[in-house]
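These notes concern the structure reproduced below.
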Amino acid sequence: MKTPIISPSFLSADFSNLKKDIEIINNSKADWFHLDIMDGRFVPNISFGFPVVKAIKKYATKPLDVHLMIVEPEKYITEFKNAGADWLTVHYEACTHLHRTIQEIKAAGMKAGVSLNPHTPIHLLEDIISELDLVLLMSVNPGFGGQKFIENTYSKISQLKKLIKSKKSNALIEIDGGVDLSNAKKLLKTGADALVAGSYIFKSEDVIKTIEGLKKL
Ligand code: DX5
Ligand code: ZN
């Protein structure tokens, strides 16, 4: 099994002392910074926007993996690039002209990802998968940290893996929601390349060690 990409979700970070958590992640074995953008429309919660992304970019020494849980994400592609996003992921359910949106993300100089809600089937990606750098499978309903992992995710990973192979796509598979040490190994064995973890990492006593544990699986 190859070493997983670990992307700690800052939704569970300490917003009253962000710099401290940024530095911990810089000094850890984590690979990316996962930033969850929520608009109170696509999901029933509001998180943070451009000023916070820019502030994190200022100190982060690793790529920003930005997950947009917003309606009309195509309106904000340039702004997220300017704020410092390296990977930009939009939701399938939020994009009427997904193909165009993906082209625009790439043209802006970012890696392009698509996320699927737990109820959205894999086969809907058939005609876009060869264009994608990443597919983010939601393993909880988007909107909140600390929810219970949905078991059907394993079957979706297997289907996605097959689709990626059959279309000769280079897309990475990222899993987001309820990830911890109890399911991480099976997720990787089934075919995940990248794991997002929020509460499991930031609520742990030793963040550096917790990340090391995930990297070592
Ligand atoms: C949920 C977000 C996740 C969230 C994961 O809508 O997309 O990135 O922060 O949090 P945990 O790991 O606590 O489930
Ligand atoms: Zn996320």
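Residues in the structure tokens are numbered from 1 in each chain, the chains being A, B, ... in the order shown, and ligands are numbered from 1 in the order shown.
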(request) Any chance you could list, as a PyMOL selection string, the residues in region 104-217 of chain A that come up strand (DSSP E) when DSSP is run on the backbone? (result) chain A and resi 111-116+134-138+172-176+194-197
Per residue of chain A within 10 Å of ligand 2, which atom pair is closest and at what distance in Å (one decimal), using only C-alpha atoms and all ligand atoms, listed by chain and increasing number, as a tab-separated table?
```
residue	atom	partner	partner_atom_place_in_ligand_line	distance
A:Ser7	CA	ligand 2	1 (Zn)	9.3
A:Pro8	CA	ligand 2	1 (Zn)	9.3
A:Ser9	CA	ligand 2	1 (Zn)	6.6
A:Phe10	CA	ligand 2	1 (Zn)	9.0
A:Leu11	CA	ligand 2	1 (Zn)	8.3
A:His34	CA	ligand 2	1 (Zn)	6.5
A:Leu35	CA	ligand 2	1 (Zn)	6.6
A:Asp36	CA	ligand 2	1 (Zn)	4.9
A:Ile37	CA	ligand 2	1 (Zn)	8.0
A:Met38	CA	ligand 2	1 (Zn)	9.5
A:Asp65	CA	ligand 2	1 (Zn)	8.8
A:Val66	CA	ligand 2	1 (Zn)	7.8
A:His67	CA	ligand 2	1 (Zn)	5.3
A:Leu68	CA	ligand 2	1 (Zn)	7.9
A:Met69	CA	ligand 2	1 (Zn)	8.1
A:Thr89	CA	ligand 2	1 (Zn)	9.2
A:Ser115	CA	ligand 2	1 (Zn)	9.1
A:Leu136	CA	ligand 2	1 (Zn)	8.4
A:Leu137	CA	ligand 2	1 (Zn)	9.5
A:Met138	CA	ligand 2	1 (Zn)	7.8
A:Ser139	CA	ligand 2	1 (Zn)	9.9
A:Val140	CA	ligand 2	1 (Zn)	9.8
A:Pro142	CA	ligand 2	1 (Zn)	7.4
A:Gly143	CA	ligand 2	1 (Zn)	8.5
A:Phe144	CA	ligand 2	1 (Zn)	9.0
A:Gly145	CA	ligand 2	1 (Zn)	8.6
A:Glu174	CA	ligand 2	1 (Zn)	9.7
A:Ile175	CA	ligand 2	1 (Zn)	8.7
A:Asp176	CA	ligand 2	1 (Zn)	5.7
A:Gly177	CA	ligand 2	1 (Zn)	7.2
A:Val196	CA	ligand 2	1 (Zn)	7.0
A:Ala197	CA	ligand 2	1 (Zn)	8.5
A:Gly198	CA	ligand 2	1 (Zn)	8.5
```
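Candidate residues A:Val179, A:Ala30, A:Ile105, A:Val90 were compared for distance to Val135 (chain A), and the nearest is A:Val90, using only C-alpha atoms.
Going from CA of Phe149 (chain A) to atom 5 (C, counted along the ligand's line) of ligand 1 covers 9.9 Å.
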(message) List as number ranges by chain the protein and nucleic acid residues near Trp87 (chain A), meaning an atom at most 10 Å away when only C-alpha atoms are counted, but skip any in the same chain fewer than 2 places from it.
(response) A: 32-34, 63-67, 80-81, 84-85, 89, 105-106, 109-113, 133-134
(request) Mind checking which residues fall within 12 Å of Phe15 (chain A), counting only C-alpha atoms, ignoring those fewer than 5 positions away in the same chain, and posting them as a VMD selection string? (result) chain A and resid 10 20 to 22 47 to 48 52 55 to 56 202
(message) With only C-alpha atoms as the counted atoms, please give the residues lying no more than 12 Å from Thr101 (chain A), apart from itself and same-chain residues fewer than 6 positions off, as an NGL selection string.
(response) :A and (72-78 or 88-92 or 94-95 or 107-108 or 110-114 or 128 or 131-132)
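Contact shell of Lys209 (chain A) at 12 Å (only C-alpha atoms; same-chain neighbours under 4 positions omitted): A:Ile24, A:Ile25, A:Asn27, A:Ser28, A:Lys29, A:Ala30, A:Tyr200, A:Ile201, A:Phe202, A:Ser204, A:Glu205, A:Gly213, A:Leu214, A:Lys215, A:Lys216.
Of note, CA of Thr210 (chain A) and CA of Tyr154 (chain A) are spaced 22.7 Å apart.
Nearest to ligand 1 of all the residues A:Glu23, A:Asp39, A:Asp127, A:Asp193 is A:Asp39, based on only C-alpha atoms and all ligand atoms.
Closest approach to Ala60 (chain A) among A:Val43, A:Lys165, A:Asp31, A:Glu79: A:Asp31, based on only C-alpha atoms.
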(request) Report the residues of region 25-131 of chain A whose backbone DSSP state falls under alpha helix (DSSP H), written as number ranges by chain. (result) A: 25-26, 50-59, 77-83, 98-107
